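Data block for entry-v7.cif (mmCIF, C-alpha atoms):
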```cif
data_upload
loop_
_atom_site.label_atom_id
_atom_site.label_comp_id
_atom_site.auth_asym_id
_atom_site.auth_seq_id
_atom_site.Cartn_x
_atom_site.Cartn_y
_atom_site.Cartn_z
CA MET A 108 59.07 99.10 163.43
CA LYS A 109 56.53 99.33 160.64
CA VAL A 110 58.06 99.67 157.09
CA LYS A 111 56.17 102.13 154.90
CA GLN A 112 54.77 100.30 151.86
CA ARG A 113 54.00 101.80 148.44
CA ALA A 114 50.31 101.15 149.16
CA ASP A 115 50.60 103.47 152.17
CA VAL A 116 51.44 106.49 149.96
CA SER A 117 48.34 108.49 149.22
CA GLU A 118 47.01 108.98 145.69
CA ARG A 119 47.75 112.70 146.00
CA THR A 120 51.46 111.96 146.69
CA HIS A 121 51.56 109.65 143.67
CA GLU A 122 50.23 112.39 141.43
CA ARG A 123 52.67 114.93 142.83
CA ARG A 124 55.61 112.60 142.12
CA ARG A 125 54.38 111.82 138.60
CA PHE A 126 54.04 115.54 137.91
CA LEU A 127 57.56 116.28 139.19
CA GLY A 128 58.96 113.40 137.10
CA LEU A 129 57.33 114.73 133.95
CA LEU A 130 58.49 118.25 134.74
CA GLY A 131 62.09 117.04 135.17
CA THR A 132 62.03 115.08 131.89
CA ALA A 133 60.61 118.04 130.00
CA GLY A 134 63.25 120.30 131.54
CA LEU A 135 66.08 117.99 130.45
CA LEU A 136 64.68 117.69 126.89
CA GLY A 137 64.29 121.45 126.81
CA LEU A 138 67.98 121.82 127.57
CA ILE A 139 69.33 119.09 125.26
CA LEU A 140 67.25 119.55 122.11
CA PRO A 141 68.04 123.25 121.48
CA LEU A 142 71.75 122.54 122.02
CA ARG A 143 71.75 119.75 119.41
CA HIS A 144 69.91 122.04 117.02
CA GLN A 145 72.43 124.83 117.60
CA VAL A 146 75.49 122.62 116.90
CA GLN A 147 74.20 121.58 113.47
CA GLN A 148 73.46 125.08 112.24
CA PRO A 149 76.15 126.90 110.22
CA ARG A 150 77.20 130.21 111.71
CA GLU A 151 77.53 133.51 109.96
CA LEU A 152 81.01 134.08 108.53
CA SER A 153 83.32 135.51 111.15
CA LEU A 154 87.02 135.71 110.45
CA LYS A 155 87.90 136.00 114.10
CA GLU A 156 86.17 132.72 114.95
CA ALA A 157 87.16 130.94 111.77
CA ASP A 158 90.81 131.56 112.37
CA PHE A 159 91.76 128.00 113.29
CA TYR A 160 93.39 124.86 111.88
CA ARG A 161 96.36 127.09 111.27
CA ASP A 162 98.05 126.56 114.58
CA HIS A 163 101.11 125.08 112.91
CA ASP A 164 103.53 126.55 110.41
CA LEU A 165 103.52 123.86 107.75
CA ALA A 166 103.00 124.74 104.11
CA GLY A 167 99.54 124.23 102.64
CA MET B 19 65.72 104.40 94.25
CA SER B 20 68.36 105.52 91.75
CA ALA B 21 72.13 105.49 92.29
CA VAL B 22 74.30 108.22 90.76
CA THR B 23 77.90 108.00 89.58
CA CYS B 24 80.15 110.88 90.54
CA GLU B 25 82.47 111.54 87.58
CA LEU B 26 84.54 114.22 89.29
CA CYS B 27 87.53 112.11 90.31
CA PRO B 28 88.97 108.79 89.17
CA ARG B 29 87.23 106.93 91.98
CA SER B 30 83.94 107.13 90.03
CA CYS B 31 81.91 106.45 93.18
CA VAL B 32 78.50 104.88 92.55
CA ILE B 33 76.41 106.50 95.27
CA PRO B 34 73.10 104.98 96.39
CA GLU B 35 70.23 107.30 97.24
CA GLY B 36 70.89 108.89 100.64
CA GLY B 37 74.53 107.80 100.56
CA SER B 38 77.79 109.66 100.06
CA GLY B 39 80.91 109.14 97.96
CA ASP B 40 84.34 108.25 99.29
CA CYS B 41 85.00 111.94 99.97
CA ARG B 42 82.07 112.02 102.48
CA ILE B 43 80.64 115.27 101.18
CA ARG B 44 79.32 114.45 97.69
CA VAL B 45 75.94 112.84 98.23
CA ASN B 46 72.98 111.46 96.34
CA LEU B 47 69.87 113.41 97.36
CA ASP B 48 66.71 112.32 95.57
CA GLY B 49 68.70 110.92 92.68
CA LYS B 50 70.79 114.11 92.25
CA LEU B 51 74.47 114.54 93.07
CA ARG B 52 75.05 117.35 95.60
CA ALA B 53 78.04 118.70 97.50
CA THR B 54 76.88 119.15 101.10
CA THR B 55 79.57 121.70 101.93
CA TYR B 56 78.69 124.19 99.18
CA GLY B 57 78.91 127.61 100.84
CA ARG B 58 79.84 125.97 104.16
CA PRO B 59 83.58 126.37 104.80
CA SER B 60 85.04 125.07 108.05
CA ALA B 61 88.50 126.69 107.80
CA ILE B 62 89.16 130.30 106.80
CA HIS B 63 92.40 132.16 107.18
CA ILE B 64 94.46 134.91 105.60
CA ASP B 65 97.86 133.49 104.65
CA PRO B 66 100.89 134.76 102.76
CA MET B 67 101.08 133.37 99.21
CA GLU B 68 104.34 131.66 100.20
CA LYS B 69 102.48 129.34 102.57
CA LYS B 70 100.58 127.57 99.76
CA PRO B 71 103.50 127.34 98.71
CA LEU B 72 103.59 129.55 95.60
CA TYR B 73 106.94 131.32 95.22
CA HIS B 74 106.56 132.62 91.65
CA PHE B 75 103.02 134.01 91.89
CA HIS B 76 102.41 137.47 93.38
CA PRO B 77 105.16 137.18 96.02
CA GLY B 78 104.18 138.47 99.44
CA ALA B 79 100.50 138.88 98.59
CA SER B 80 97.82 138.06 101.16
CA VAL B 81 95.58 135.24 100.09
CA PHE B 82 92.16 134.49 101.54
CA SER B 83 92.35 130.76 102.19
CA ILE B 84 89.35 128.51 102.68
CA ALA B 85 88.44 124.86 102.96
CA THR B 86 85.41 122.75 103.63
CA ALA B 87 85.36 119.29 105.18
CA GLY B 88 86.06 116.23 103.03
CA CYS B 89 88.79 114.87 100.77
CA ASN B 90 89.07 112.27 98.03
CA LEU B 91 92.44 111.05 99.34
CA HIS B 92 93.14 109.40 102.69
CA CYS B 93 96.81 110.12 103.31
CA LEU B 94 98.14 108.38 106.40
CA ASN B 95 100.29 111.45 107.10
CA CYS B 96 97.59 114.10 106.54
CA GLN B 97 98.38 117.31 108.42
CA ASN B 98 94.78 118.54 108.28
CA TRP B 99 93.01 115.27 108.99
CA GLN B 100 90.58 116.88 111.45
CA LEU B 101 89.18 118.70 108.44
CA SER B 102 89.83 116.41 105.50
CA GLN B 103 88.79 113.07 106.96
CA ARG B 104 85.38 114.21 108.12
CA GLY B 105 82.03 114.99 106.57
CA GLY B 106 80.48 118.44 106.90
CA GLU B 107 78.02 117.29 109.56
CA GLU B 108 80.90 116.07 111.75
CA MET B 109 82.61 119.46 111.98
CA GLU B 110 82.48 121.45 115.21
CA GLN B 111 82.49 124.67 113.22
CA VAL B 112 80.79 125.35 109.93
CA TYR B 113 80.30 128.84 108.51
CA ARG B 114 77.70 130.19 106.15
CA ALA B 115 79.56 131.83 103.27
CA ASP B 116 77.98 131.58 99.84
CA PRO B 117 80.24 132.70 96.98
CA PRO B 118 79.19 136.40 97.13
CA ASP B 119 79.87 136.51 100.90
CA LEU B 120 83.24 134.88 100.42
CA VAL B 121 84.38 137.20 97.67
CA LYS B 122 83.12 140.23 99.59
CA ALA B 123 85.03 139.18 102.71
CA ALA B 124 88.22 138.54 100.72
CA LYS B 125 87.96 141.95 99.08
CA GLN B 126 87.30 143.71 102.39
CA GLU B 127 90.44 142.11 103.82
CA GLY B 128 92.50 143.46 100.92
CA CYS B 129 93.45 140.02 99.58
CA LYS B 130 94.80 139.66 96.07
CA ALA B 131 93.59 136.11 95.67
CA ILE B 132 91.39 133.37 97.09
CA ALA B 133 93.06 130.04 97.80
CA TYR B 134 91.06 126.82 97.88
CA THR B 135 93.30 124.77 100.11
CA TYR B 136 93.89 122.81 103.39
CA SER B 137 91.66 119.82 102.50
CA ASP B 138 91.43 118.97 98.79
CA PRO B 139 89.29 121.58 97.02
CA ILE B 140 88.47 119.09 94.27
CA VAL B 141 85.65 117.74 96.43
CA PHE B 142 83.98 121.16 96.78
CA TYR B 143 84.40 121.77 93.07
CA GLU B 144 81.12 123.66 92.47
CA TYR B 145 81.82 126.05 95.34
CA VAL B 146 85.29 126.74 93.93
CA TYR B 147 83.96 127.33 90.44
CA ASP B 148 81.18 129.73 91.45
CA SER B 149 83.40 131.65 93.88
CA GLY B 150 86.20 131.72 91.31
CA GLU B 151 84.00 133.31 88.66
CA LEU B 152 82.89 136.03 91.08
CA ALA B 153 86.47 136.59 92.31
CA HIS B 154 87.63 137.18 88.72
CA ARG B 155 84.88 139.75 88.22
CA GLU B 156 86.21 141.56 91.31
CA GLY B 157 89.77 141.47 89.99
CA MET B 158 91.05 138.75 92.31
CA ALA B 159 93.00 135.65 91.34
CA ASN B 160 92.14 132.04 92.23
CA VAL B 161 94.70 129.64 93.64
CA PHE B 162 94.20 125.88 93.90
CA VAL B 163 96.22 123.77 96.36
CA THR B 164 95.56 120.16 95.54
CA ALA B 165 96.70 116.58 95.21
CA GLY B 166 95.40 116.75 91.64
CA TYR B 167 93.35 113.54 91.79
CA ILE B 168 90.64 114.63 89.38
CA ASN B 169 89.31 113.58 85.97
CA ARG B 170 90.47 115.56 82.96
CA LYS B 171 87.10 116.82 81.77
CA PRO B 172 86.00 118.57 84.99
CA LEU B 173 89.58 119.81 85.53
CA ARG B 174 89.71 121.42 82.09
CA HIS B 175 86.44 123.22 82.85
CA LEU B 176 87.73 124.36 86.26
CA CYS B 177 90.93 125.72 84.70
CA GLY B 178 88.75 128.47 83.23
CA VAL B 179 88.69 130.13 86.66
CA LEU B 180 92.09 129.06 88.01
CA ASP B 181 95.18 131.27 87.82
CA ALA B 182 97.71 129.21 89.78
CA ALA B 183 97.98 125.82 91.40
CA ASN B 184 100.33 124.05 93.72
CA VAL B 185 99.96 120.34 93.00
CA ASP B 186 101.38 117.56 95.16
CA ILE B 187 103.20 114.69 93.61
CA LYS B 188 103.14 112.47 96.67
CA ALA B 189 105.71 110.06 95.21
CA PHE B 190 106.69 108.93 91.74
CA ASP B 191 105.42 105.46 92.50
CA ASP B 192 101.93 104.09 92.03
CA GLY B 193 102.40 101.57 94.87
CA PHE B 194 103.12 104.42 97.30
CA TYR B 195 99.94 106.23 96.20
CA ARG B 196 97.88 103.08 96.79
CA ARG B 197 99.42 102.30 100.19
CA VAL B 198 99.77 105.76 101.71
CA ASN B 199 97.21 107.95 99.95
CA GLY B 200 94.48 105.61 98.77
CA ALA B 201 94.85 106.88 95.21
CA THR B 202 96.87 106.32 92.00
CA LEU B 203 99.65 108.28 90.33
CA GLN B 204 98.72 108.53 86.64
CA PRO B 205 95.62 110.79 87.01
CA VAL B 206 97.77 113.27 88.96
CA LEU B 207 100.32 113.44 86.14
CA ASP B 208 97.54 113.76 83.56
CA GLY B 209 96.06 116.60 85.61
CA LEU B 210 99.36 118.47 85.73
CA VAL B 211 99.71 118.26 81.95
CA THR B 212 96.12 119.48 81.54
CA MET B 213 96.76 122.48 83.80
CA ARG B 214 99.90 123.36 81.84
CA GLU B 215 97.98 123.11 78.55
CA GLU B 216 95.26 125.41 79.96
CA GLY B 217 97.79 128.06 81.01
CA VAL B 218 97.47 127.72 84.80
CA TRP B 219 100.68 128.71 86.61
CA ILE B 220 101.93 125.49 88.26
CA GLU B 221 104.28 124.76 91.14
CA VAL B 222 104.84 121.21 92.35
CA THR B 223 105.30 119.99 95.92
CA ASN B 224 106.90 116.69 96.90
CA LEU B 225 106.75 115.89 100.63
CA LEU B 226 109.67 113.62 101.47
CA ILE B 227 108.86 110.95 104.07
CA PRO B 228 111.86 109.12 105.53
CA THR B 229 112.21 105.57 104.16
CA LEU B 230 108.97 105.73 102.15
CA ASN B 231 109.58 108.08 99.21
CA ASP B 232 113.06 109.54 99.70
CA ASP B 233 114.85 107.20 97.32
CA LEU B 234 117.08 109.25 95.01
CA ALA B 235 116.33 107.07 91.95
CA MET B 236 112.59 107.74 92.41
CA ILE B 237 113.22 111.44 92.90
CA ARG B 238 115.38 111.50 89.75
CA ALA B 239 112.57 109.88 87.71
CA MET B 240 110.05 112.43 89.02
CA VAL B 241 112.32 115.38 88.33
CA ARG B 242 112.95 114.25 84.75
CA TRP B 243 109.21 113.91 84.18
CA ILE B 244 108.61 117.44 85.51
CA ARG B 245 111.43 118.83 83.35
CA ASP B 246 110.21 117.09 80.18
CA GLU B 247 106.43 117.46 80.60
CA LEU B 248 106.02 120.74 82.51
CA GLY B 249 109.25 122.56 81.72
CA GLU B 250 112.58 123.28 83.40
CA GLY B 251 111.23 126.55 84.81
CA THR B 252 108.56 124.80 86.89
CA PRO B 253 109.24 125.47 90.59
CA LEU B 254 109.57 122.30 92.66
CA HIS B 255 109.23 122.33 96.46
CA PHE B 256 110.71 119.50 98.52
CA SER B 257 108.81 119.69 101.81
CA ARG B 258 109.81 118.34 105.16
CA PHE B 259 107.53 115.67 106.62
CA HIS B 260 106.23 116.06 110.18
CA PRO B 261 104.72 113.07 112.03
CA GLU B 262 100.93 113.45 111.90
CA TYR B 263 97.68 111.50 111.99
CA ARG B 264 98.38 107.79 111.40
CA MET B 265 102.07 108.17 110.64
CA ARG B 266 103.57 109.22 113.95
CA ASN B 267 106.07 106.40 113.89
CA LEU B 268 108.48 108.13 111.50
CA PRO B 269 110.76 111.07 112.33
CA PRO B 270 110.76 114.46 110.57
CA THR B 271 112.72 114.44 107.32
CA PRO B 272 116.44 115.10 107.99
CA ALA B 273 117.73 118.29 106.37
CA ARG B 274 120.42 116.33 104.48
CA THR B 275 117.71 114.29 102.70
CA LEU B 276 116.11 117.50 101.49
CA ASP B 277 119.50 118.87 100.44
CA ARG B 278 120.29 115.74 98.44
CA ALA B 279 116.92 115.81 96.70
CA ARG B 280 117.36 119.49 95.85
CA LYS B 281 120.82 118.87 94.39
CA GLU B 282 119.52 115.92 92.35
CA ALA B 283 116.73 118.07 90.89
CA MET B 284 119.06 120.96 90.05
CA ASP B 285 121.60 118.60 88.47
CA ALA B 286 118.78 117.20 86.32
CA GLY B 287 118.09 120.70 85.00
CA LEU B 288 115.25 122.14 87.07
CA LYS B 289 115.98 125.82 87.61
CA PHE B 290 113.95 126.59 90.71
CA VAL B 291 114.09 123.97 93.43
CA TYR B 292 113.05 124.85 96.97
CA VAL B 293 113.14 123.33 100.42
CA GLY B 294 109.99 123.83 102.49
CA ASN B 295 108.97 123.52 106.15
CA VAL B 296 112.57 124.25 107.24
CA MET B 297 112.98 127.72 108.75
CA GLY B 298 115.93 129.69 107.45
CA HIS B 299 117.12 127.16 104.86
CA GLU B 300 118.92 128.72 101.87
CA GLY B 301 116.68 126.56 99.67
CA GLY B 302 113.74 128.77 100.67
CA SER B 303 115.02 131.67 98.54
CA THR B 304 114.95 132.28 94.78
CA TYR B 305 118.25 132.64 92.90
CA CYS B 306 118.92 133.54 89.29
CA PRO B 307 119.68 130.27 87.44
CA THR B 308 122.22 132.07 85.23
CA ASP B 309 124.42 134.07 87.62
CA GLY B 310 123.21 133.00 91.08
CA THR B 311 122.01 136.48 92.15
CA LEU B 312 119.64 136.37 95.13
CA LEU B 313 116.31 137.40 93.63
CA ILE B 314 113.84 136.84 96.49
CA GLY B 315 115.09 136.18 100.01
CA ARG B 316 112.68 134.36 102.35
CA ALA B 317 112.63 133.41 106.02
CA GLY B 318 109.89 130.84 106.44
CA PHE B 319 106.87 132.26 104.63
CA TRP B 320 108.07 135.84 104.88
CA ILE B 321 109.98 137.79 102.25
CA THR B 322 113.14 139.44 103.54
CA GLU B 323 114.18 141.05 100.25
CA ASN B 324 112.87 141.20 96.70
CA ASN B 325 115.43 142.21 94.07
CA LEU B 326 113.44 141.27 90.96
CA THR B 327 112.83 144.07 88.49
CA ALA B 328 109.24 145.22 88.04
CA ASP B 329 108.85 142.97 84.99
CA GLY B 330 110.29 139.89 86.74
CA ARG B 331 113.92 139.93 85.57
CA CYS B 332 117.25 139.38 87.28
CA PRO B 333 118.68 142.85 88.12
CA THR B 334 122.20 141.65 87.23
CA CYS B 335 121.92 139.67 83.97
CA ASN B 336 118.37 140.67 82.92
CA GLU B 337 117.21 137.06 82.60
CA LYS B 338 113.45 136.72 82.54
CA ILE B 339 112.34 134.65 85.54
CA PRO B 340 109.21 132.54 84.89
CA GLY B 341 106.24 133.41 87.07
CA VAL B 342 103.37 135.84 87.58
CA TRP B 343 104.95 138.79 89.33
CA GLN B 344 102.41 141.61 89.15
#
```

Written form, structure tokens:
Amino acid sequence: MKVKQRADVSERTHERRRFLGLLGTAGLLGLILPLRHQVQQPRELSLKEADFYRDHDLAG
Amino acid sequence: MSAVTCELCPRSCVIPEGGSGDCRIRVNLDGKLRATTYGRPSAIHIDPMEKKPLYHFHPGASVFSIATAGCNLHCLNCQNWQLSQRGGEEMEQVYRADPPDLVKAAKQEGCKAIAYTYSDPIVFYEYVYDSGELAHREGMANVFVTAGYINRKPLRHLCGVLDAANVDIKAFDDGFYRRVNGATLQPVLDGLVTMREEGVWIEVTNLLIPTLNDDLAMIRAMVRWIRDELGEGTPLHFSRFHPEYRMRNLPPTPARTLDRARKEAMDAGLKFVYVGNVMGHEGGSTYCPTDGTLLIGRAGFWITENNLTADGRCPTCNEKIPGVWQ
């Protein structure tokens, strides 16, 4: 049986794969970068959300 | 590249450009000292005044309580270590609340005071001062809950906006402070005297940790110092330790240890000695030091009865009880 070599793949297939690879990378960066940005930004004051760290009944 | 020295607390951190002090949140930006958490609290809650604990200051009032990340102590038993032992950028939640926003929110919630608490508010000093000034203009009081590890000069300035403080004496032993808290005792005592001189209402908390600071001779020495330097009417709270953070190897303080400490303090002449973090303990209530009348009954942080007269006197013998009652 003949094994398909890299050289057998046409130039058009190469380009299609490169394009899909770039598209995937850009998609991942597009997801990750905004999330990182969001975590570091302070939020507007909201008592309902800020109501934490007080889950115990110790003085202080 | 110029380093700056932070003169706020006795650590006197020399901070290189781009670096931070021991507290994590006071940084050197372009040769200027900045507090990164100014207007950026990470904990906000409405608590009863009794939780601070302040038992002789507006009993039963709601207090708007805030904290930012950071602390200038590193107590092995910290109960708020997720907040205090982190820098602002490490917090999952940070809120935008500049002093006007904070004071507005506190007023809208009907709070009588703002408490700077949970971590040590010394490290977000500028935020406390600016918010405190605004709070006073709006008729609200400012409450400081602290370990008191601060230099005298900035403390004296801060006292201008403070009305009451609960200050921890972690132990009456410098070695304990160095081993357990990463600090020293004397600046805390100096700070307490400064607050008394400046007219801030003071209550003292001493958290008793089994085997580490529950020695009766040490407690006796501390109580005598409080009696002689702050006055016999200074409320003292003996709090129960709970295993937390890096000190999970010790058990909670037995009730009898707290009882013994309370008796020792009362025998030495302190008039108002309380037991904290123990639900339903008789040492959580206020009694008249002259005739033993129950003045304020408490269950946990909640007031069950208040028999004080409107001007803060015992209804039976008319003795004036020290505190800020209205």

Margin query: Going by the chain IDs and residue numbers used in this file, which residues fall under the PyMOL selection byres ((chain B and resi 127) around 10)? Write them as JSON, numbers by chain.
Written below: {"A": [154], "B": [64, 80, 81, 82, 121, 122, 123, 124, 125, 126, 128, 129, 130]}

Export C-alpha atoms of the chosen residues as a compact mmCIF listing (two decimals), in the coordinates of the input?
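Saved to again-v3.txt:
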```txt
# COMPACT_ATOMS: atom_id res chain seq x y z
CA LEU A 154 87.02 135.71 110.45
CA ILE B 64 94.46 134.91 105.60
CA SER B 80 97.82 138.06 101.16
CA VAL B 81 95.58 135.24 100.09
CA PHE B 82 92.16 134.49 101.54
CA VAL B 121 84.38 137.20 97.67
CA LYS B 122 83.12 140.23 99.59
CA ALA B 123 85.03 139.18 102.71
CA ALA B 124 88.22 138.54 100.72
CA LYS B 125 87.96 141.95 99.08
CA GLN B 126 87.30 143.71 102.39
CA GLY B 128 92.50 143.46 100.92
CA CYS B 129 93.45 140.02 99.58
CA LYS B 130 94.80 139.66 96.07
```

Next item on the list: With the file shown as input, list the residues that the PyMOL selection byres ((chain A and resi 165) around 12) selects, as number ranges by chain.
Entry: A: 160-164, 166-167; B: 65, 68-71, 96-98, 136, 225, 257-262, 294-297, 318-319

Check: Residues picked by the PyMOL selection byres ((chain B and resi 49) around 12) here, as a list of chain:residue names?
Finding: B:Met19, B:Ser20, B:Ala21, B:Val22, B:Thr23, B:Cys24, B:Val32, B:Ile33, B:Pro34, B:Glu35, B:Gly36, B:Gly37, B:Ser38, B:Val45, B:Asn46, B:Leu47, B:Asp48, B:Lys50, B:Leu51, B:Arg52

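Counting all atoms listed in the file, Ile237 in chain B has the following residues at most 9 Å away, ignoring those fewer than 2 positions along the same chain: Ala189, Phe190, Asn231, Asp232, Asp233, Leu234, Ala235, Ala239, Met240, Val241, Arg242, Ala279, Glu282 and Ala283 of chain B.
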
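With CA of Gly249 in chain B on one side and CA of Thr327 in chain B on the other, the separation reads 22.8 Å.
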
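Here CA of Ile187 in chain B stands at a distance of 19.7 Å from CA of Gln103 in chain B.
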
Checklist line | Point-to-point distance in Å for CA of Arg196 in chain B and CA of Ile244 in chain B | finding: 21.2 Å

Check: Please, which residues are within 9 Å of (120.0, 130.6, 84.4) by the file's coordinates, counting only C-alpha atoms, and could they come as number ranges by chain?
Finding: B: 289, 305-310, 337, 339

How would the residues just chosen look if you wrote them out with C-alpha atoms as a compact mmCIF listing (two decimals), keeping the file's coordinate frame?
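Dumped to result-v6.txt:
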```txt
# COMPACT_ATOMS: atom_id res chain seq x y z
CA LYS B 289 115.98 125.82 87.61
CA TYR B 305 118.25 132.64 92.90
CA CYS B 306 118.92 133.54 89.29
CA PRO B 307 119.68 130.27 87.44
CA THR B 308 122.22 132.07 85.23
CA ASP B 309 124.42 134.07 87.62
CA GLY B 310 123.21 133.00 91.08
CA GLU B 337 117.21 137.06 82.60
CA ILE B 339 112.34 134.65 85.54
```

Next item on the list: Please tell me which residues are no farther than 10 Å from (94.8, 119.4, 95.1) in the file, counting all atoms listed in the file, and write them as a ChimeraX atom specification.
Entry: /B:89-91,134-141,162-168,183-187,206,209

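In terms of minimum interatomic distance to chain A, B:Leu101 ranks closest within B:Leu152, B:Leu101, B:Met213, B:Val342, counting all atoms listed in the file.
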
Item checked: Spatial neighbours of Arg245 in chain B, max dist 8 Å, all atoms listed in the file, sep filter under 5 positions, as a list in words -> Glu250, Gly251, Thr252, Gly287 and Leu288 of chain B

Excluding Leu230 in chain B and its own-chain neighbours fewer than 3 positions away, which residues fall within 10 Å of it when counting all atoms listed in the file? Please give them as a PDB file with C-alpha atoms, in the coordinates of the input.
```pdb
ATOM      1  CA  ALA B 189     105.710 110.060  95.210  1.00  0.00           C
ATOM      2  CA  PHE B 194     103.120 104.420  97.300  1.00  0.00           C
ATOM      3  CA  VAL B 198      99.770 105.760 101.710  1.00  0.00           C
ATOM      4  CA  LEU B 226     109.670 113.620 101.470  1.00  0.00           C
ATOM      5  CA  ILE B 227     108.860 110.950 104.070  1.00  0.00           C
ATOM      6  CA  ASP B 233     114.850 107.200  97.320  1.00  0.00           C
ATOM      7  CA  LEU B 268     108.480 108.130 111.500  1.00  0.00           C
TER       8      LEU B 268
END
```

Please complete range 113-131 of chain B with N, CA and C atoms and give it back as a CSV table (one decimal), in the coordinates of the input.
```csv
chain,number,residue,atom,x,y,z
B,113,TYR,N,80.7,127.5,108.7
B,113,TYR,CA,80.3,128.8,108.5
B,113,TYR,C,79.4,129.0,107.3
B,114,ARG,N,78.6,129.9,107.3
B,114,ARG,CA,77.7,130.2,106.2
B,114,ARG,C,78.4,131.3,105.3
B,115,ALA,N,78.9,130.9,104.1
B,115,ALA,CA,79.6,131.8,103.3
B,115,ALA,C,79.3,131.4,101.8
B,116,ASP,N,78.2,131.8,101.3
B,116,ASP,CA,78.0,131.6,99.8
B,116,ASP,C,79.0,132.4,99.0
B,117,PRO,N,79.2,132.0,97.8
B,117,PRO,CA,80.2,132.7,97.0
B,117,PRO,C,80.3,134.2,97.1
B,118,PRO,N,79.1,134.9,97.0
B,118,PRO,CA,79.2,136.4,97.1
B,118,PRO,C,79.7,136.9,98.5
B,119,ASP,N,79.4,136.1,99.6
B,119,ASP,CA,79.9,136.5,100.9
B,119,ASP,C,81.4,136.3,101.0
B,120,LEU,N,81.8,135.2,100.4
B,120,LEU,CA,83.2,134.9,100.4
B,120,LEU,C,84.1,135.9,99.7
B,121,VAL,N,83.6,136.3,98.5
B,121,VAL,CA,84.4,137.2,97.7
B,121,VAL,C,84.4,138.6,98.3
B,122,LYS,N,83.2,138.9,98.9
B,122,LYS,CA,83.1,140.2,99.6
B,122,LYS,C,84.1,140.3,100.8
B,123,ALA,N,84.1,139.2,101.5
B,123,ALA,CA,85.0,139.2,102.7
B,123,ALA,C,86.5,139.3,102.3
B,124,ALA,N,86.8,138.5,101.2
B,124,ALA,CA,88.2,138.5,100.7
B,124,ALA,C,88.6,139.9,100.3
B,125,LYS,N,87.7,140.6,99.6
B,125,LYS,CA,88.0,142.0,99.1
B,125,LYS,C,88.1,142.9,100.2
B,126,GLN,N,87.2,142.8,101.2
B,126,GLN,CA,87.3,143.7,102.4
B,126,GLN,C,88.6,143.6,103.1
B,127,GLU,N,89.2,142.4,103.1
B,127,GLU,CA,90.4,142.1,103.8
B,127,GLU,C,91.6,142.5,103.0
B,128,GLY,N,91.4,143.0,101.8
B,128,GLY,CA,92.5,143.5,100.9
B,128,GLY,C,93.3,142.3,100.3
B,129,CYS,N,92.7,141.2,100.1
B,129,CYS,CA,93.4,140.0,99.6
B,129,CYS,C,93.5,140.1,98.1
B,130,LYS,N,94.6,139.6,97.5
B,130,LYS,CA,94.8,139.7,96.1
B,130,LYS,C,94.2,138.4,95.4
B,131,ALA,N,94.0,137.4,96.2
B,131,ALA,CA,93.6,136.1,95.7
B,131,ALA,C,92.8,135.3,96.7
```
